[in-house]
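Structure record follows, encoded as structure tokens.
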Amino acid sequence: MVEGEVVSKTATVTTITSKEIKEKGVRNVAEALEMIPGSYVRVGGSGESYIRIRGFRQREIALLVDGVPISSPYNGQLDLSSIPVNTVDRIEVVRGASSLMYGPNTMGGVINIITKKSDGSAGFGMITEYGSGDTGKIGATIQGGTGSLRYLIAGSIYNQDEYPLSRNYEEAANQETGARANSDRKMWNSTVSLGWDMGEESRATFHFSHIDQVRGLPHHVSDSKAKFQRYMDWQQGMVDVIFDTYFGKSSLKAKVYYEYLNHTLDNYDDITYSTQDNNKSTTDHMRNYALGGDLFYRYHVNERLLLKSALRLRYDQNKSRTDLDDPWEDHAYNTFSVPAEIEWIISDLFTVSGGISFDRMNFDKGEDLGSRTTNSLNPQLALIFSPAKALSFKASASRKTRFPTMRELFSLDSGNSDLEPMKADIFELGAEWRINPNWSVSLQGFYNNVFDLIGRSGKDEPYENINRAVFKGFETGLEWNNQSRIIFKLFYTYLEAIDKSPESSGYIEHRPRHKIDISVALKLPARFYMSTDISYVSSQIYYNSDDEEKQLEPFTLFDVSLIKKVGRFMELFVTVHNLFDENYYESEGYPRSGRMIYGGFRLTR
């Protein structure tokens, strides 16, 4: 399994290239994913960005870098705005019948971030930008090679003092107009990638990346019980070594990796962020690390039949404490996955893909309670029917499993070590039609039946397998690609997220029913290039502290980016986010940024 390979054409896949990232003025992975059909990137109450795909939360979505899972084992999430894009080659977002080779925890889909690798040619790149809220960035990349060795080294520094609120924002108890309080961020990241070509049939790759940041988490604008928090230390990184070789009709890929995610979170007494005298004003520490190894095997029986299997092992450990004088809580679990898959081109009309995956989690329950092993068997079947070269239909059905997180298993106030895995039956029907070389249309309908959903009946209650839910809807898209001048994309997503639990039958919060995304890219005279993105998100239901149903207002965002090529190696650019200064909320009490303008230059040679 090669990084970034879409191992089954039966899935619904959207690819974001480094070219698109540059042209849209994207600065982090959260911004890159905002225009994906069927998805919704939301900034939650913690001030961190998470994605939902077809109703599923991020902890039900596999977030990978070069195939390595990077989400926190404690809560199954990772702030997407903390992942820079300066070394991203492309991002593949897989929905529906994602390949079993990706492992467990993929019921909502897969986000695979594929990093840039050197091809051995000498090159240098630099970017610098400055904008609203005293936001600045500088980054550089150098690559090259000698003989059979290749290298790529990159790094960047990002600083944001604040972000501006919309002029239509109205002052509240905890937030004045103007700049958003406690919205600063300083971030450093570095990457080293080495490659070794070991003859015509084999190669090895070493990759290291590290992200370090200090940031504020904007508080609720009016709640008297608002939390005042800052990350004084946040680090995420990974080291992996990959070896792959080809022999005859077979290929073998081996991967070992080490990953870490650590942070220190300070809780303050009040809006001044200066004292920690209250008994709830603690300094929380979290230390996570993972060790893993993967072995992938592929065998081409012939041009029409491909067999695949894998062995995936991973050990996760979490250490946490709620204050400096508290003892460390230490928990760990092992996951093990053995998938097998087949892709068979039966004829020019029919292609079938199917397989089964055996997944296992094992952990120590603690306090002399012994260990526990949880197994899951996940089958999958998909079919493509192509009556014409430009027209194809697909259908798929699969069972997906999401194992409990460490928080759900071991949290002192809500953990339950007897939890069963969350499961979902995933169904999809779709069609794609290329009308002519420029025009194409697509339609995918989905129905996801979720059961043993992990949740709590109240804030003071433990996690239980009490909930059932149905996520159903469709995505449709229209694309026009005139390579010489214009690229136009229009996507519409409809989603119904119904709580089917015995205790409730309402709509699930923060799942907008309607989302419209429009993207227009224009090549203009005098070597100008313009990209415009428009996104409409309908109203969203949420439930307040008294469990009363409320609504967030719908909003529409306009983003514009303009690039001017200067000479052979330089580009000047300016990007405007939220062009019309919309005052909008993705979580109650947490206003998002108003208009932001930033610009700079890129140098590449």
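To be explicit about the labels: the chains of the structure tokens are called A, B, and onward in the order shown, and within each one the residues are counted from 1, while ligands get numbers from 1 in the order they are shown.
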
Contact residues around Gly147 (chain A) with only C-alpha atoms at 12 Å, ignoring same-chain residues under 5 positions, as a VMD selection string = chain A and resid 119 to 121 195 to 199

task = Would you kindly return, as a PyMOL selection string, each protein, DNA or RNA residue with an atom no farther than 8 Å from any atom of region 449-464 of chain A, considering only C-alpha atoms and excluding same-chain residues fewer than 3 positions away?
result = chain A and resi 404+408-409+413-416+419-426+467-471

With N, CA, C and O atoms retained, write the just-selected residues as an mmCIF file, in the first residue's frame.
```cif
data_model
loop_
_atom_site.group_PDB
_atom_site.id
_atom_site.type_symbol
_atom_site.label_atom_id
_atom_site.label_comp_id
_atom_site.auth_asym_id
_atom_site.auth_seq_id
_atom_site.Cartn_x
_atom_site.Cartn_y
_atom_site.Cartn_z
ATOM 1 N N PRO A 404 -13.489 2.272 21.597
ATOM 2 C CA PRO A 404 -13.576 3.381 22.558
ATOM 3 C C PRO A 404 -12.231 4.083 22.730
ATOM 4 O O PRO A 404 -11.165 3.461 22.613
ATOM 5 N N GLU A 408 -13.106 7.608 27.159
ATOM 6 C CA GLU A 408 -14.349 6.861 27.351
ATOM 7 C C GLU A 408 -14.140 5.623 28.217
ATOM 8 O O GLU A 408 -15.046 5.216 28.946
ATOM 9 N N LEU A 409 -12.939 5.053 28.173
ATOM 10 C CA LEU A 409 -12.667 3.856 28.956
ATOM 11 C C LEU A 409 -12.223 4.163 30.386
ATOM 12 O O LEU A 409 -12.640 3.495 31.339
ATOM 13 N N ASP A 413 -14.116 10.536 36.024
ATOM 14 C CA ASP A 413 -15.498 10.954 36.287
ATOM 15 C C ASP A 413 -16.517 10.320 35.354
ATOM 16 O O ASP A 413 -17.721 10.359 35.632
ATOM 17 N N SER A 414 -16.086 9.713 34.235
ATOM 18 C CA SER A 414 -17.079 9.194 33.285
ATOM 19 C C SER A 414 -16.641 7.929 32.556
ATOM 20 O O SER A 414 -17.371 7.435 31.703
ATOM 21 N N GLY A 415 -15.465 7.383 32.862
ATOM 22 C CA GLY A 415 -14.966 6.232 32.130
ATOM 23 C C GLY A 415 -15.737 4.949 32.410
ATOM 24 O O GLY A 415 -16.327 4.768 33.480
ATOM 25 N N ASN A 416 -15.742 4.050 31.439
ATOM 26 C CA ASN A 416 -16.421 2.754 31.565
ATOM 27 C C ASN A 416 -15.613 1.726 30.773
ATOM 28 O O ASN A 416 -15.685 1.675 29.543
ATOM 29 N N LEU A 419 -17.140 -0.808 27.978
ATOM 30 C CA LEU A 419 -17.752 -0.347 26.735
ATOM 31 C C LEU A 419 -17.480 -1.306 25.581
ATOM 32 O O LEU A 419 -16.385 -1.852 25.448
ATOM 33 N N GLU A 420 -18.487 -1.477 24.743
ATOM 34 C CA GLU A 420 -18.335 -2.208 23.496
ATOM 35 C C GLU A 420 -17.954 -1.238 22.379
ATOM 36 O O GLU A 420 -18.218 -0.029 22.473
ATOM 37 N N PRO A 421 -17.328 -1.726 21.313
ATOM 38 C CA PRO A 421 -17.017 -0.829 20.190
ATOM 39 C C PRO A 421 -18.292 -0.254 19.571
ATOM 40 O O PRO A 421 -19.340 -0.896 19.563
ATOM 41 N N MET A 422 -18.178 0.950 19.090
ATOM 42 C CA MET A 422 -19.252 1.574 18.319
ATOM 43 C C MET A 422 -19.240 0.987 16.911
ATOM 44 O O MET A 422 -18.180 0.759 16.333
ATOM 45 N N LYS A 423 -20.407 0.704 16.354
ATOM 46 C CA LYS A 423 -20.489 0.055 15.040
ATOM 47 C C LYS A 423 -21.439 0.827 14.124
ATOM 48 O O LYS A 423 -22.333 1.536 14.585
ATOM 49 N N ALA A 424 -21.233 0.657 12.834
ATOM 50 C CA ALA A 424 -22.102 1.292 11.848
ATOM 51 C C ALA A 424 -22.154 0.435 10.588
ATOM 52 O O ALA A 424 -21.140 -0.122 10.158
ATOM 53 N N ASP A 425 -23.342 0.323 10.017
ATOM 54 C CA ASP A 425 -23.519 -0.279 8.697
ATOM 55 C C ASP A 425 -23.580 0.855 7.683
ATOM 56 O O ASP A 425 -24.458 1.725 7.767
ATOM 57 N N ILE A 426 -22.658 0.845 6.747
ATOM 58 C CA ILE A 426 -22.455 1.948 5.809
ATOM 59 C C ILE A 426 -22.925 1.520 4.419
ATOM 60 O O ILE A 426 -22.438 0.526 3.877
ATOM 61 N N ASN A 467 -26.811 4.683 22.667
ATOM 62 C CA ASN A 467 -27.414 5.457 21.593
ATOM 63 C C ASN A 467 -27.440 4.711 20.264
ATOM 64 O O ASN A 467 -26.599 3.858 19.988
ATOM 65 N N ARG A 468 -28.439 5.054 19.462
ATOM 66 C CA ARG A 468 -28.521 4.657 18.063
ATOM 67 C C ARG A 468 -28.760 5.914 17.242
ATOM 68 O O ARG A 468 -29.362 6.871 17.717
ATOM 69 N N ALA A 469 -28.270 5.896 16.018
ATOM 70 C CA ALA A 469 -28.442 7.064 15.164
ATOM 71 C C ALA A 469 -28.468 6.631 13.708
ATOM 72 O O ALA A 469 -27.963 5.562 13.349
ATOM 73 N N VAL A 470 -29.072 7.473 12.887
ATOM 74 C CA VAL A 470 -29.075 7.275 11.437
ATOM 75 C C VAL A 470 -28.589 8.567 10.792
ATOM 76 O O VAL A 470 -29.124 9.650 11.067
ATOM 77 N N PHE A 471 -27.553 8.468 9.956
ATOM 78 C CA PHE A 471 -27.076 9.581 9.153
ATOM 79 C C PHE A 471 -27.366 9.239 7.697
ATOM 80 O O PHE A 471 -26.840 8.253 7.171
#
```

List every residue of region 29-73 of chain A that has an atom at most 12 Å from any atom of region 277-288 of chain A, giving for each one its closest atom pair and the distance in Å to one decimal, counting only C-alpha atoms, sorted by chain and then by ascending residue number, as JSON lines.
```
{"residue": "A:Ile70", "atom": "CA", "partner": "A:Asn288", "partner_atom": "CA", "distance": 10.6}
{"residue": "A:Ser71", "atom": "CA", "partner": "A:Asn288", "partner_atom": "CA", "distance": 10.1}
{"residue": "A:Ser72", "atom": "CA", "partner": "A:Asn288", "partner_atom": "CA", "distance": 7.2}
{"residue": "A:Pro73", "atom": "CA", "partner": "A:Asn288", "partner_atom": "CA", "distance": 7.4}
```

message = I need the strand (DSSP E) residues of region 464-532 of chain A per DSSP on the backbone, written as JSON, numbers by chain.
response = {"A": [464, 465, 466, 467, 468, 469, 470, 471, 472, 473, 474, 475, 476, 477, 478, 479, 480, 481, 482, 486, 487, 488, 489, 490, 491, 492, 493, 494, 495, 496, 497, 498, 499, 514, 515, 516, 517, 518, 519, 520, 521, 522, 523, 524, 528, 529, 530, 531, 532]}

request  = Using DSSP on the backbone coordinates, identify the residues of region 18-57 of chain A assigned to helix (DSSP H, G or I); present them as an MDAnalysis selection string.
outcome  = chainID A and resid 18:23 29:32

Could you save those same residues with C-alpha atoms as a tab-separated table (two decimals), in the first residue's frame?
```
chain	number	residue	atom	x	y	z
A	18	SER	CA	-0.59	21.26	-3.23
A	19	LYS	CA	-1.38	23.42	-6.27
A	20	GLU	CA	-4.93	24.02	-5.01
A	21	ILE	CA	-3.63	24.69	-1.49
A	22	LYS	CA	-1.32	27.38	-2.86
A	23	GLU	CA	-3.89	28.95	-5.17
A	29	VAL	CA	-5.30	21.47	7.07
A	30	ALA	CA	-8.56	22.76	8.62
A	31	GLU	CA	-8.80	25.47	5.93
A	32	ALA	CA	-7.93	22.97	3.19
```

Shell of 10 Å around Glu549 (chain A), only C-alpha atoms, local chain residues under 4 positions omitted, as a list in words =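 Once the nearby chain positions are removed, what remains is Gly506, Tyr507, Glu509, Ile541, Tyr542, Tyr543, Asn544 and Ser545 of chain A.
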
Residue subset to file, keeping N, CA, C and O atoms, as a short mmCIF file (atom, residue, chain, number, x, y, z; two decimals), in the first residue's frame:
```cif
data_model
loop_
_atom_site.label_atom_id
_atom_site.label_comp_id
_atom_site.auth_asym_id
_atom_site.auth_seq_id
_atom_site.Cartn_x
_atom_site.Cartn_y
_atom_site.Cartn_z
N GLY A 506 -34.71 13.06 18.69
CA GLY A 506 -34.53 14.38 18.10
C GLY A 506 -33.42 14.41 17.07
O GLY A 506 -32.82 13.39 16.72
N TYR A 507 -33.16 15.61 16.59
CA TYR A 507 -32.08 15.82 15.62
C TYR A 507 -30.78 16.02 16.38
O TYR A 507 -30.74 16.65 17.43
N GLU A 509 -27.18 17.48 17.32
CA GLU A 509 -26.69 18.85 17.23
C GLU A 509 -25.45 18.97 16.35
O GLU A 509 -24.71 18.02 16.14
N ILE A 541 -28.87 22.93 14.84
CA ILE A 541 -29.47 22.71 16.15
C ILE A 541 -28.36 22.47 17.18
O ILE A 541 -27.36 21.82 16.88
N TYR A 542 -28.54 23.04 18.37
CA TYR A 542 -27.69 22.68 19.50
C TYR A 542 -28.56 22.67 20.75
O TYR A 542 -29.70 23.17 20.75
N TYR A 543 -28.05 22.08 21.82
CA TYR A 543 -28.81 21.97 23.07
C TYR A 543 -28.03 22.68 24.17
O TYR A 543 -26.84 22.46 24.36
N ASN A 544 -28.74 23.59 24.89
CA ASN A 544 -28.08 24.35 25.94
C ASN A 544 -27.93 23.52 27.21
O ASN A 544 -28.26 22.34 27.25
N SER A 545 -27.43 24.16 28.27
CA SER A 545 -27.16 23.45 29.53
C SER A 545 -28.42 22.88 30.16
O SER A 545 -28.35 21.96 30.98
#
```

ask   = Between A:Val88, A:Val68, A:Leu557, A:Met187, which one has atoms that come closest to Ala290 (chain A), using only C-alpha atoms?
value =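 Checking each candidate against Ala290 (chain A), we get A:Val68 as the closest.
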
query = Counting only C-alpha atoms, what is within 9 Å of region 160-168 of chain A, bar same-chain residues fewer than 3 positions away, as a list in words?
reply = Ser132, Gly133, Asp134, Thr135, Gly136, Lys137, Thr177, Gly178, Ala179, Arg180, Ala181, Asn182, Ser183, Asp184, Arg185, Lys186, Met187, Asp581, Glu582, Asn583, Tyr584, Pro591, Arg592, Ser593, Gly594, Arg595 and Met596 of chain A

Would you save the residues from that selection as an mmCIF file, in the first residue's frame, using N, CA and C atoms?
```cif
data_model
loop_
_atom_site.group_PDB
_atom_site.id
_atom_site.type_symbol
_atom_site.label_atom_id
_atom_site.label_comp_id
_atom_site.auth_asym_id
_atom_site.auth_seq_id
_atom_site.Cartn_x
_atom_site.Cartn_y
_atom_site.Cartn_z
ATOM 1 N N SER A 132 -3.925 40.561 8.790
ATOM 2 C CA SER A 132 -4.793 41.024 9.868
ATOM 3 C C SER A 132 -4.451 40.333 11.187
ATOM 4 N N GLY A 133 -4.623 41.079 12.279
ATOM 5 C CA GLY A 133 -4.339 40.536 13.599
ATOM 6 C C GLY A 133 -2.859 40.333 13.842
ATOM 7 N N ASP A 134 -2.015 41.123 13.134
ATOM 8 C CA ASP A 134 -0.564 40.943 13.220
ATOM 9 C C ASP A 134 -0.196 39.481 13.010
ATOM 10 N N THR A 135 -0.778 38.912 11.949
ATOM 11 C CA THR A 135 -0.500 37.525 11.586
ATOM 12 C C THR A 135 0.655 37.488 10.600
ATOM 13 N N GLY A 136 1.656 36.681 10.901
ATOM 14 C CA GLY A 136 2.810 36.586 10.024
ATOM 15 C C GLY A 136 3.318 35.163 9.915
ATOM 16 N N LYS A 137 3.956 34.870 8.800
ATOM 17 C CA LYS A 137 4.513 33.541 8.569
ATOM 18 C C LYS A 137 5.743 33.655 7.700
ATOM 19 N N THR A 177 -15.944 44.481 21.549
ATOM 20 C CA THR A 177 -15.816 44.499 20.088
ATOM 21 C C THR A 177 -14.342 44.657 19.726
ATOM 22 N N GLY A 178 -14.039 44.455 18.462
ATOM 23 C CA GLY A 178 -12.658 44.601 18.008
ATOM 24 C C GLY A 178 -11.973 43.276 17.847
ATOM 25 N N ALA A 179 -10.917 43.022 18.631
ATOM 26 C CA ALA A 179 -10.133 41.790 18.519
ATOM 27 C C ALA A 179 -10.669 40.737 19.472
ATOM 28 N N ARG A 180 -10.625 39.479 19.041
ATOM 29 C CA ARG A 180 -11.070 38.362 19.875
ATOM 30 C C ARG A 180 -10.053 38.138 20.985
ATOM 31 N N ALA A 181 -10.541 38.118 22.234
ATOM 32 C CA ALA A 181 -9.665 37.922 23.379
ATOM 33 C C ALA A 181 -9.062 36.518 23.378
ATOM 34 N N ASN A 182 -7.799 36.424 23.761
ATOM 35 C CA ASN A 182 -7.103 35.142 23.939
ATOM 36 C C ASN A 182 -7.075 34.307 22.660
ATOM 37 N N SER A 183 -6.920 34.980 21.516
ATOM 38 C CA SER A 183 -6.919 34.263 20.233
ATOM 39 C C SER A 183 -5.538 34.229 19.590
ATOM 40 N N ASP A 184 -4.492 34.440 20.377
ATOM 41 C CA ASP A 184 -3.137 34.441 19.838
ATOM 42 C C ASP A 184 -2.624 33.019 19.636
ATOM 43 N N ARG A 185 -1.634 32.884 18.760
ATOM 44 C CA ARG A 185 -1.012 31.589 18.481
ATOM 45 C C ARG A 185 0.392 31.810 17.933
ATOM 46 N N LYS A 186 1.334 31.056 18.470
ATOM 47 C CA LYS A 186 2.692 31.011 17.932
ATOM 48 C C LYS A 186 3.010 29.550 17.650
ATOM 49 N N MET A 187 3.476 29.260 16.429
ATOM 50 C CA MET A 187 3.675 27.866 16.037
ATOM 51 C C MET A 187 4.954 27.728 15.213
ATOM 52 N N ASP A 581 -17.311 40.229 5.749
ATOM 53 C CA ASP A 581 -17.268 40.468 7.187
ATOM 54 C C ASP A 581 -18.492 39.895 7.909
ATOM 55 N N GLU A 582 -18.852 38.662 7.556
ATOM 56 C CA GLU A 582 -20.007 37.995 8.173
ATOM 57 C C GLU A 582 -19.755 37.760 9.664
ATOM 58 N N ASN A 583 -20.751 38.056 10.489
ATOM 59 C CA ASN A 583 -20.708 37.748 11.916
ATOM 60 C C ASN A 583 -21.381 36.386 12.104
ATOM 61 N N TYR A 584 -20.588 35.338 12.336
ATOM 62 C CA TYR A 584 -21.166 33.997 12.349
ATOM 63 C C TYR A 584 -20.610 33.177 13.503
ATOM 64 N N PRO A 591 -17.826 33.478 18.716
ATOM 65 C CA PRO A 591 -17.856 34.103 17.385
ATOM 66 C C PRO A 591 -16.579 33.815 16.608
ATOM 67 N N ARG A 592 -16.734 33.640 15.308
ATOM 68 C CA ARG A 592 -15.595 33.389 14.441
ATOM 69 C C ARG A 592 -15.053 34.708 13.899
ATOM 70 N N SER A 593 -13.957 34.628 13.194
ATOM 71 C CA SER A 593 -13.268 35.841 12.760
ATOM 72 C C SER A 593 -14.078 36.600 11.728
ATOM 73 N N GLY A 594 -13.931 37.918 11.743
ATOM 74 C CA GLY A 594 -14.478 38.750 10.688
ATOM 75 C C GLY A 594 -13.551 38.722 9.480
ATOM 76 N N ARG A 595 -13.562 39.804 8.726
ATOM 77 C CA ARG A 595 -12.723 39.850 7.529
ATOM 78 C C ARG A 595 -11.249 39.821 7.919
ATOM 79 N N MET A 596 -10.482 38.947 7.247
ATOM 80 C CA MET A 596 -9.035 38.872 7.446
ATOM 81 C C MET A 596 -8.338 38.970 6.096
#
```

key: Residue nearest Thr15 (chain A) among A:Val256, A:Ser98, A:Ile111, A:Glu60 (counting only C-alpha atoms)   =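 Ranked by minimum distance to Thr15 (chain A), first place goes to A:Ile111.
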
request  = With a distance cut-off of 9 Å and only C-alpha atoms, select the neighbouring residues of Asp330 (chain A), excluding the residue or stretch itself and same-chain residues fewer than 6 positions from it, and output the selection as a list in words.
outcome  = Gln317, Asn318, Lys319 and Ser320 of chain A

task = May I ask which of the residues A:Phe336, A:Phe206, A:Phe393, A:Trp439 is the closest one to Leu377 (chain A), counting only C-alpha atoms?
result =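 Checking each candidate against Leu377 (chain A), we get A:Phe336 as the closest.
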
task = Kindly indicate which residue among A:Gln276, A:Ser190, A:Asn86, A:Ser39 lies nearest to Val26 (chain A), using only C-alpha atoms for the distances.
result =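 Nearest candidate to Val26 (chain A) out of A:Gln276, A:Ser190, A:Asn86, A:Ser39: A:Asn86.
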
ask   = So how far away is CA of Arg312 (chain A) from CA of Ser357 (chain A), in Å?
value =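 Distance reported for this atom pair: 10.9 Å.
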
message = When you look at region 211-225 of chain A with a cut-off of 10 Å (counting only C-alpha atoms), what residues show up, excluding the ones that are within fewer than 2 positions of it in the same chain? I need them as a PyMOL selection string.
response = chain A and resi 45-48+82-84+155-162+171-176+180-191+209+227-238+261-266+270-271+273+587-591

ask   = Within 12 Å of Leu311 (chain A), counting only C-alpha atoms, which residues qualify if same-chain residues fewer than 5 places away don't, as an NGL selection string?
value = :A and (1 or 100-103 or 252-256 or 292-297 or 335-340 or 357-360)

Resulting file, chosen residues, C-alpha atoms, as a CSV table (one decimal), in the first residue's frame:
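Generated file (selection12.csv):
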```
chain,number,residue,atom,x,y,z
A,1,MET,CA,0.0,0.0,0.0
A,100,LEU,CA,-10.1,-2.1,4.8
A,101,MET,CA,-6.3,-1.6,4.5
A,102,TYR,CA,-6.7,1.7,6.4
A,103,GLY,CA,-7.6,-0.3,9.6
A,252,LEU,CA,5.8,-5.7,0.0
A,253,LYS,CA,5.8,-2.6,2.1
A,254,ALA,CA,7.0,-2.5,5.7
A,255,LYS,CA,6.6,0.5,8.0
A,256,VAL,CA,7.6,1.2,11.6
A,292,GLY,CA,3.4,0.9,15.5
A,293,GLY,CA,4.3,-1.3,12.6
A,294,ASP,CA,2.5,-2.2,9.4
A,295,LEU,CA,3.2,-4.8,6.8
A,296,PHE,CA,1.3,-4.6,3.4
A,297,TYR,CA,1.3,-7.3,0.7
A,335,THR,CA,-4.7,-2.6,18.6
A,336,PHE,CA,-4.3,-5.3,16.0
A,337,SER,CA,-5.7,-5.4,12.5
A,338,VAL,CA,-5.6,-8.1,9.8
A,339,PRO,CA,-7.5,-7.0,6.6
A,340,ALA,CA,-7.8,-9.0,3.3
A,357,SER,CA,-11.0,-7.3,8.4
A,358,PHE,CA,-10.4,-8.7,11.8
A,359,ASP,CA,-9.6,-6.0,14.4
A,360,ARG,CA,-8.8,-6.4,18.0
```

query = What is the CA of Glu259 (chain A)-CA of Pro69 (chain A) distance in Å, reported with one decimal?
reply = 8.8 Å

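When CA of Ile563 (chain A) is paired with CA of Asp517 (chain A), their separation reads 21.6 Å.
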
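Each of A:Glu475, A:Glu571, A:Glu170, A:Asp89 was checked against Thr115 (chain A) using only C-alpha atoms; the smallest atom-to-atom distance is that of A:Asp89.
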